[in-house]
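Next up, coords.txt (compact mmCIF, C-alpha atoms):
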# COMPACT_ATOMS: atom_id res chain seq x y z
CA MET A 250 107.89 107.51 81.34
CA GLU A 251 106.65 105.00 83.90
CA THR A 252 109.01 104.48 86.83
CA THR A 253 109.91 101.12 88.33
CA ASN A 254 108.13 102.11 91.54
CA THR A 255 104.94 102.98 89.66
CA ALA A 256 105.00 99.71 87.74
CA GLY A 257 105.64 97.78 90.94
CA LEU A 258 102.77 99.51 92.72
CA ARG A 259 100.41 98.74 89.87
CA GLU A 260 101.43 95.08 89.90
CA ARG A 261 100.87 94.87 93.67
CA LYS A 262 97.42 96.42 93.34
CA LYS A 263 96.58 94.06 90.51
CA ARG A 264 97.71 91.07 92.57
CA GLN A 265 95.77 92.31 95.60
CA THR A 266 92.60 92.74 93.54
CA ARG A 267 93.01 89.25 92.12
CA GLU A 268 93.47 87.73 95.58
CA GLU A 269 90.46 89.59 96.97
CA ILE A 270 88.21 88.47 94.12
CA SER A 271 89.34 84.87 94.53
CA ALA A 272 88.73 84.94 98.29
CA VAL A 273 85.22 86.33 97.84
CA ALA A 274 84.42 83.83 95.09
CA THR A 275 85.70 80.83 97.03
CA ALA A 276 83.63 81.83 100.07
CA LEU A 277 80.50 82.16 97.92
CA PHE A 278 81.15 78.84 96.19
CA ALA A 279 81.73 77.09 99.52
CA GLU A 280 78.45 78.43 100.88
CA HIS A 281 76.20 78.03 97.84
CA GLY A 282 77.98 75.61 95.50
CA PHE A 283 80.18 76.33 92.51
CA ASP A 284 77.49 75.86 89.87
CA GLN A 285 74.94 77.97 91.75
CA VAL A 286 77.01 81.17 91.86
CA THR A 287 77.41 83.35 88.76
CA ILE A 288 80.31 85.56 87.75
CA ALA A 289 78.01 88.57 88.13
CA GLU A 290 77.29 87.60 91.73
CA VAL A 291 81.00 87.25 92.43
CA ALA A 292 81.65 90.68 90.95
CA ALA A 293 78.87 92.26 93.01
CA ALA A 294 80.11 90.67 96.22
CA ALA A 295 83.69 91.76 95.49
CA GLY A 296 82.62 95.28 94.58
CA VAL A 297 84.12 95.20 91.09
CA ALA A 298 82.82 95.11 87.53
CA LYS A 299 82.07 91.74 85.93
CA MET A 300 84.71 92.51 83.30
CA THR A 301 87.29 92.95 86.05
CA VAL A 302 86.57 89.42 87.24
CA THR A 303 86.83 87.93 83.75
CA ASN A 304 90.01 89.90 83.01
CA HIS A 305 91.68 88.33 86.01
CA PHE A 306 90.02 84.92 85.66
CA PRO A 307 89.06 83.95 82.09
CA LEU A 308 87.90 80.57 83.44
CA LYS A 309 85.33 80.51 86.22
CA GLU A 310 87.12 77.48 87.68
CA ASP A 311 90.28 79.53 88.20
CA LEU A 312 88.45 81.72 90.68
CA VAL A 313 88.97 78.68 92.88
CA PHE A 314 92.31 77.58 91.43
CA ASP A 315 93.89 81.03 91.56
CA ARG A 316 97.30 79.42 92.16
CA ALA A 317 97.09 77.31 89.00
CA GLU A 318 100.08 79.04 87.40
CA HIS A 319 102.23 78.18 90.41
CA ILE A 320 101.16 74.53 90.30
CA ILE A 321 101.78 74.30 86.57
CA GLY A 322 105.10 76.13 86.49
CA GLY A 323 106.65 75.53 89.90
CA LEU A 324 108.07 72.06 89.33
CA ALA A 325 109.25 72.89 85.82
CA GLY A 326 110.94 76.04 87.11
CA ALA A 327 112.71 74.16 89.90
CA VAL A 328 114.03 71.57 87.46
CA ALA A 329 115.02 74.15 84.85
CA GLY A 330 116.91 76.20 87.44
CA ARG A 331 118.52 73.32 89.31
CA PRO A 332 122.21 73.70 90.20
CA ALA A 333 124.79 72.14 87.92
CA GLY A 334 125.25 68.50 88.81
CA GLU A 335 121.85 68.07 90.48
CA PRO A 336 119.84 65.29 88.81
CA VAL A 337 116.26 65.91 87.72
CA LEU A 338 114.78 63.64 90.38
CA ALA A 339 116.84 65.26 93.12
CA ALA A 340 115.57 68.67 92.07
CA ALA A 341 111.98 67.43 92.07
CA ARG A 342 112.43 65.84 95.48
CA ARG A 343 114.02 68.99 96.89
CA PHE A 344 111.31 71.26 95.50
CA HIS A 345 108.55 69.16 97.08
CA ALA A 346 110.33 69.06 100.45
CA GLU A 347 110.95 72.80 100.42
CA SER A 348 107.36 73.53 99.42
CA LEU A 349 106.01 71.26 102.15
CA ALA A 350 108.25 72.88 104.77
CA ALA A 351 107.06 76.32 103.64
CA GLY A 352 103.41 75.31 104.02
CA ASP A 353 102.66 75.63 100.30
CA PRO A 354 98.88 75.01 100.05
CA THR A 355 99.14 73.88 96.43
CA LEU A 356 100.46 70.51 97.61
CA GLY A 357 96.85 69.52 98.28
CA HIS A 358 96.12 70.50 101.87
CA LEU A 359 94.58 73.95 101.48
CA GLY A 360 91.67 73.17 103.81
CA VAL A 361 88.65 70.94 104.26
CA PRO A 362 86.09 73.43 102.84
CA PHE A 363 88.23 73.85 99.72
CA ALA A 364 88.65 70.10 99.31
CA ARG A 365 84.93 69.47 99.69
CA LEU A 366 84.11 72.27 97.28
CA VAL A 367 86.31 70.76 94.57
CA GLU A 368 85.13 67.21 95.10
CA ALA A 369 81.49 68.30 94.93
CA SER A 370 81.89 69.91 91.52
CA PRO A 371 82.60 67.92 88.35
CA ALA A 372 83.74 71.14 86.67
CA LEU A 373 86.29 71.88 89.41
CA SER A 374 87.48 68.28 89.56
CA SER A 375 88.00 68.35 85.80
CA ARG A 376 89.94 71.60 85.96
CA GLU A 377 92.07 70.20 88.78
CA ARG A 378 93.03 67.20 86.65
CA GLN A 379 93.78 69.51 83.74
CA ILE A 380 96.14 71.55 85.92
CA HIS A 381 98.05 68.38 86.82
CA ASP A 382 98.27 67.49 83.13
CA GLN A 383 99.56 70.98 82.35
CA ARG A 384 102.23 70.64 85.03
CA GLU A 385 103.43 67.44 83.39
CA GLN A 386 103.53 69.15 80.00
CA ALA A 387 105.48 72.11 81.41
CA LEU A 388 108.04 69.75 82.93
CA ALA A 389 108.26 67.76 79.70
CA GLU A 390 109.02 70.92 77.74
CA VAL A 391 111.92 71.69 80.08
CA LEU A 392 113.37 68.19 79.87
CA VAL A 393 112.93 67.89 76.12
CA GLY A 394 114.63 71.25 75.72
CA GLN A 395 117.63 70.03 77.72
CA ALA A 396 117.87 66.53 76.24
CA ARG A 397 119.39 65.33 73.00
CA PRO A 398 116.85 64.82 70.20
CA ALA A 399 117.26 61.04 70.48
CA ASP A 400 116.25 61.24 74.16
CA GLU A 401 112.95 63.08 73.66
CA LEU A 402 110.83 60.02 74.43
CA THR A 403 112.83 59.34 77.57
CA ALA A 404 112.42 62.97 78.64
CA ARG A 405 108.65 62.81 78.23
CA ILE A 406 108.41 59.53 80.15
CA VAL A 407 110.54 60.95 82.96
CA ALA A 408 108.29 64.02 83.08
CA ALA A 409 105.23 61.78 83.29
CA GLN A 410 106.72 59.74 86.12
CA VAL A 411 107.86 62.74 88.18
CA ALA A 412 104.64 64.68 87.63
CA GLY A 413 102.71 61.50 88.38
CA ALA A 414 104.43 61.25 91.75
CA TYR A 415 103.45 64.84 92.49
CA ARG A 416 99.86 64.04 91.49
CA VAL A 417 99.73 61.02 93.81
CA LEU A 418 101.17 63.07 96.67
CA TYR A 419 98.63 65.84 96.02
CA TYR A 420 95.69 63.47 96.29
CA THR A 421 97.26 61.71 99.26
CA ALA A 422 97.30 65.06 101.06
CA ARG A 423 93.65 65.61 100.04
CA ARG A 424 92.65 62.22 101.45
CA LEU A 425 94.51 62.80 104.72
CA LEU A 426 92.86 66.19 105.04
CA LEU A 427 89.35 64.85 104.52
CA ASP A 428 90.06 61.98 106.92
CA GLY A 429 90.56 64.58 109.64
CA THR A 430 94.34 64.32 109.98
CA GLU A 431 95.70 67.20 112.03
CA SER A 432 98.06 69.63 110.31
CA ALA A 433 101.32 68.52 111.93
CA ALA A 434 100.54 64.84 111.44
CA LEU A 435 99.47 65.47 107.86
CA VAL A 436 102.75 67.20 107.02
CA ALA A 437 104.79 64.45 108.70
CA THR A 438 102.88 61.71 106.88
CA LEU A 439 103.13 63.49 103.57
CA SER A 440 106.86 63.98 104.06
CA ARG A 441 107.37 60.26 104.68
CA THR A 442 105.16 59.38 101.72
CA ALA A 443 107.09 61.75 99.47
CA ARG A 444 110.42 60.20 100.45
CA ARG A 445 109.02 56.77 99.64
CA ALA A 446 107.55 57.94 96.34
CA PHE A 447 110.80 59.49 95.12
CA ASP A 448 112.80 56.49 96.34
CA LEU A 449 110.61 54.28 94.15
CA LEU A 450 111.53 56.39 91.14
CA ALA A 451 115.23 56.60 91.93
CA ALA A 452 116.31 53.29 90.39
CA ASP A 453 114.70 54.06 87.04
CA LEU A 454 115.51 57.76 86.77
CA SER A 455 118.93 58.04 88.35
CA GLY A 456 120.67 57.77 84.98
CA PHE A 457 118.62 60.48 83.28
CA ASP A 458 120.30 63.85 83.66
CA PRO A 459 119.89 66.04 80.59
CA ARG A 460 121.85 69.23 80.44
CA PRO A 461 120.99 72.34 78.41
CA ARG A 462 122.13 71.96 74.84
CA LEU A 463 124.97 74.16 73.67
CA ARG A 464 123.87 76.84 71.27
CA SER A 465 125.55 76.75 67.91
CA THR A 466 127.37 79.90 66.90
CA PRO A 467 126.42 81.56 63.62

Mind turning the file's structure into structure tokens?
Amino acid sequence: METTNTAGLRERKKRQTREEISAVATALFAEHGFDQVTIAEVAAAAGVAKMTVTNHFPLKEDLVFDRAEHIIGGLAGAVAGRPAGEPVLAAARRFHAESLAAGDPTLGHLGVPFARLVEASPALSSRERQIHDQREQALAEVLVGQARPADELTARIVAAQVAGAYRVLYYTARRLLLDGTESAALVATLSRTARRAFDLLAADLSGFDPRPRLRSTP
């Protein structure tokens, strides 16, 4: 029988392999261009089989967006797990502030080479937009699951507005980065912009606070 330690070790090794492949791929893409580098070349440079690369990254684009799952699920998870009494918007605001303070690179300021790589590739830009759409959908599923059936439309609109604010903040960070804004100034500007963005939503969303529905007993 597999022990917890063995399973944990295997997961750590799997995560390490994934991170190493992504780092090698991103470096190759930044040097040669995303479309010019093949999966086979990434595998050779990383010292693994081509199948290992595709097992970890079914989409070539996710060799670059290796944190896609965090982007898609992070906001939804923060809202789903918010403390009792905390409104949806407050949870979204808190999650962004905490992520920014922790230096979370998925807020859009990973680095100039990364930003230029994405902007130079239509395939990567398309995948990036898809990830934002998937984040909205993940948040909508949480809110719809907590709302009354009659409030489903409201839940989906709220999800679109909150995820839209995150999208705007993401691309604001990208623009600041490419404009040469230094790290500390970028974080300070993004923090102020985030406060303003969530304040703009507050009047419309303050009354929306779905709670998990009670399960009916058999």

(request) Excluding Lys263 of chain A and residues on its chain fewer than 6 positions from it, collect all residues at most 12 Å away from it, counting all atoms listed in the file, and give them as a PyMOL selection string. (result) chain A and resi 256-257+269-270+301-302+304-305

(message) My list of candidates is A:Arg342, A:Arg316, A:Arg445, A:Arg264. Which is closest to Glu377 of chain A when distances are computed with all atoms listed in the file?
(response)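 Residue with the minimum atom-to-atom distance to Glu377 of chain A: A:Arg316.
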
(request) Kindly indicate which residue among A:Asp315, A:Asp353, A:Asp400, A:Glu310 lies nearest to Ala372 of chain A, using only C-alpha atoms for the distances. (result)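 Looking only at the distances to Ala372 of chain A, the closest residue turns out to be A:Glu310.
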
(request) State, in Å with one decimal place, the distance from atom CA of Gln386 of chain A to atom CA of Leu454 of chain A. (result)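 A separation of 17.9 Å between them.
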
(message) I need the residue nearest Arg331 of chain A from this list: A:Ala434, A:Ala350, A:Leu392, A:Ala298. Use all atoms listed in the file for the distance.
(response) A:Leu392

Grab segment 417-454 of chain A from that structure and dump N, CA and C atoms to a file, as a short mmCIF file (atom, residue, chain, number, x, y, z; two decimals), in the first residue's frame.
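Saved result, selection16.cif, follows:
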data_model
loop_
_atom_site.label_atom_id
_atom_site.label_comp_id
_atom_site.auth_asym_id
_atom_site.auth_seq_id
_atom_site.Cartn_x
_atom_site.Cartn_y
_atom_site.Cartn_z
N VAL A 417 -9.21 43.76 -16.31
CA VAL A 417 -8.70 45.12 -16.52
C VAL A 417 -7.44 45.35 -15.69
N LEU A 418 -7.46 44.89 -14.44
CA LEU A 418 -6.29 45.07 -13.58
C LEU A 418 -5.09 44.29 -14.10
N TYR A 419 -5.34 43.12 -14.65
CA TYR A 419 -4.27 42.29 -15.23
C TYR A 419 -3.59 43.03 -16.37
N TYR A 420 -4.39 43.57 -17.28
CA TYR A 420 -3.79 44.25 -18.42
C TYR A 420 -3.24 45.63 -18.05
N THR A 421 -3.75 46.22 -16.98
CA THR A 421 -3.15 47.45 -16.47
C THR A 421 -1.74 47.16 -15.97
N ALA A 422 -1.58 46.06 -15.24
CA ALA A 422 -0.25 45.66 -14.78
C ALA A 422 0.68 45.40 -15.95
N ARG A 423 0.17 44.74 -16.98
CA ARG A 423 0.97 44.46 -18.19
C ARG A 423 1.45 45.77 -18.82
N ARG A 424 0.54 46.74 -18.95
CA ARG A 424 0.90 48.01 -19.57
C ARG A 424 1.95 48.76 -18.75
N LEU A 425 1.76 48.77 -17.43
CA LEU A 425 2.73 49.43 -16.56
C LEU A 425 4.10 48.78 -16.69
N LEU A 426 4.10 47.46 -16.75
CA LEU A 426 5.34 46.71 -16.87
C LEU A 426 6.07 47.07 -18.16
N LEU A 427 5.35 47.07 -19.27
CA LEU A 427 5.98 47.36 -20.56
C LEU A 427 6.35 48.83 -20.71
N ASP A 428 5.72 49.69 -19.91
CA ASP A 428 6.09 51.11 -19.91
C ASP A 428 7.35 51.38 -19.09
N GLY A 429 7.87 50.33 -18.45
CA GLY A 429 9.11 50.49 -17.69
C GLY A 429 8.92 50.88 -16.24
N THR A 430 7.70 50.73 -15.71
CA THR A 430 7.45 51.09 -14.31
C THR A 430 8.21 50.15 -13.39
N GLU A 431 8.93 50.71 -12.44
CA GLU A 431 9.69 49.90 -11.49
C GLU A 431 8.75 49.09 -10.60
N SER A 432 9.26 48.00 -10.05
CA SER A 432 8.43 47.04 -9.32
C SER A 432 7.63 47.68 -8.20
N ALA A 433 8.29 48.44 -7.34
CA ALA A 433 7.58 49.02 -6.19
C ALA A 433 6.50 49.99 -6.65
N ALA A 434 6.83 50.81 -7.64
CA ALA A 434 5.85 51.77 -8.16
C ALA A 434 4.70 51.06 -8.86
N LEU A 435 5.02 49.97 -9.55
CA LEU A 435 3.98 49.20 -10.23
C LEU A 435 2.98 48.64 -9.23
N VAL A 436 3.50 48.05 -8.15
CA VAL A 436 2.62 47.47 -7.13
C VAL A 436 1.76 48.55 -6.48
N ALA A 437 2.38 49.70 -6.18
CA ALA A 437 1.62 50.79 -5.54
C ALA A 437 0.53 51.31 -6.48
N THR A 438 0.86 51.47 -7.76
CA THR A 438 -0.12 51.96 -8.72
C THR A 438 -1.24 50.95 -8.91
N LEU A 439 -0.86 49.69 -9.00
CA LEU A 439 -1.87 48.65 -9.19
C LEU A 439 -2.78 48.55 -7.97
N SER A 440 -2.23 48.74 -6.79
CA SER A 440 -3.04 48.70 -5.57
C SER A 440 -4.07 49.83 -5.57
N ARG A 441 -3.64 51.03 -5.94
CA ARG A 441 -4.57 52.16 -6.01
C ARG A 441 -5.63 51.92 -7.08
N THR A 442 -5.21 51.40 -8.22
CA THR A 442 -6.14 51.14 -9.31
C THR A 442 -7.17 50.08 -8.91
N ALA A 443 -6.71 49.06 -8.19
CA ALA A 443 -7.62 48.01 -7.73
C ALA A 443 -8.65 48.57 -6.77
N ARG A 444 -8.23 49.41 -5.85
CA ARG A 444 -9.19 50.01 -4.91
C ARG A 444 -10.25 50.80 -5.67
N ARG A 445 -9.82 51.56 -6.66
CA ARG A 445 -10.75 52.35 -7.46
C ARG A 445 -11.69 51.43 -8.24
N ALA A 446 -11.15 50.38 -8.82
CA ALA A 446 -11.96 49.46 -9.62
C ALA A 446 -13.05 48.82 -8.78
N PHE A 447 -12.68 48.33 -7.59
CA PHE A 447 -13.67 47.67 -6.75
C PHE A 447 -14.65 48.67 -6.14
N ASP A 448 -14.19 49.90 -5.91
CA ASP A 448 -15.11 50.93 -5.44
C ASP A 448 -16.18 51.22 -6.49
N LEU A 449 -15.79 51.19 -7.76
CA LEU A 449 -16.76 51.45 -8.83
C LEU A 449 -17.84 50.37 -8.88
N LEU A 450 -17.48 49.16 -8.49
CA LEU A 450 -18.45 48.07 -8.50
C LEU A 450 -19.32 48.03 -7.25
N ALA A 451 -18.87 48.69 -6.19
CA ALA A 451 -19.51 48.51 -4.89
C ALA A 451 -20.98 48.89 -4.89
N ALA A 452 -21.33 49.99 -5.54
CA ALA A 452 -22.72 50.46 -5.50
C ALA A 452 -23.67 49.45 -6.14
N ASP A 453 -23.23 48.82 -7.21
CA ASP A 453 -24.10 47.88 -7.92
C ASP A 453 -24.14 46.51 -7.27
N LEU A 454 -23.04 46.08 -6.67
CA LEU A 454 -22.94 44.70 -6.20
C LEU A 454 -23.11 44.53 -4.70
#
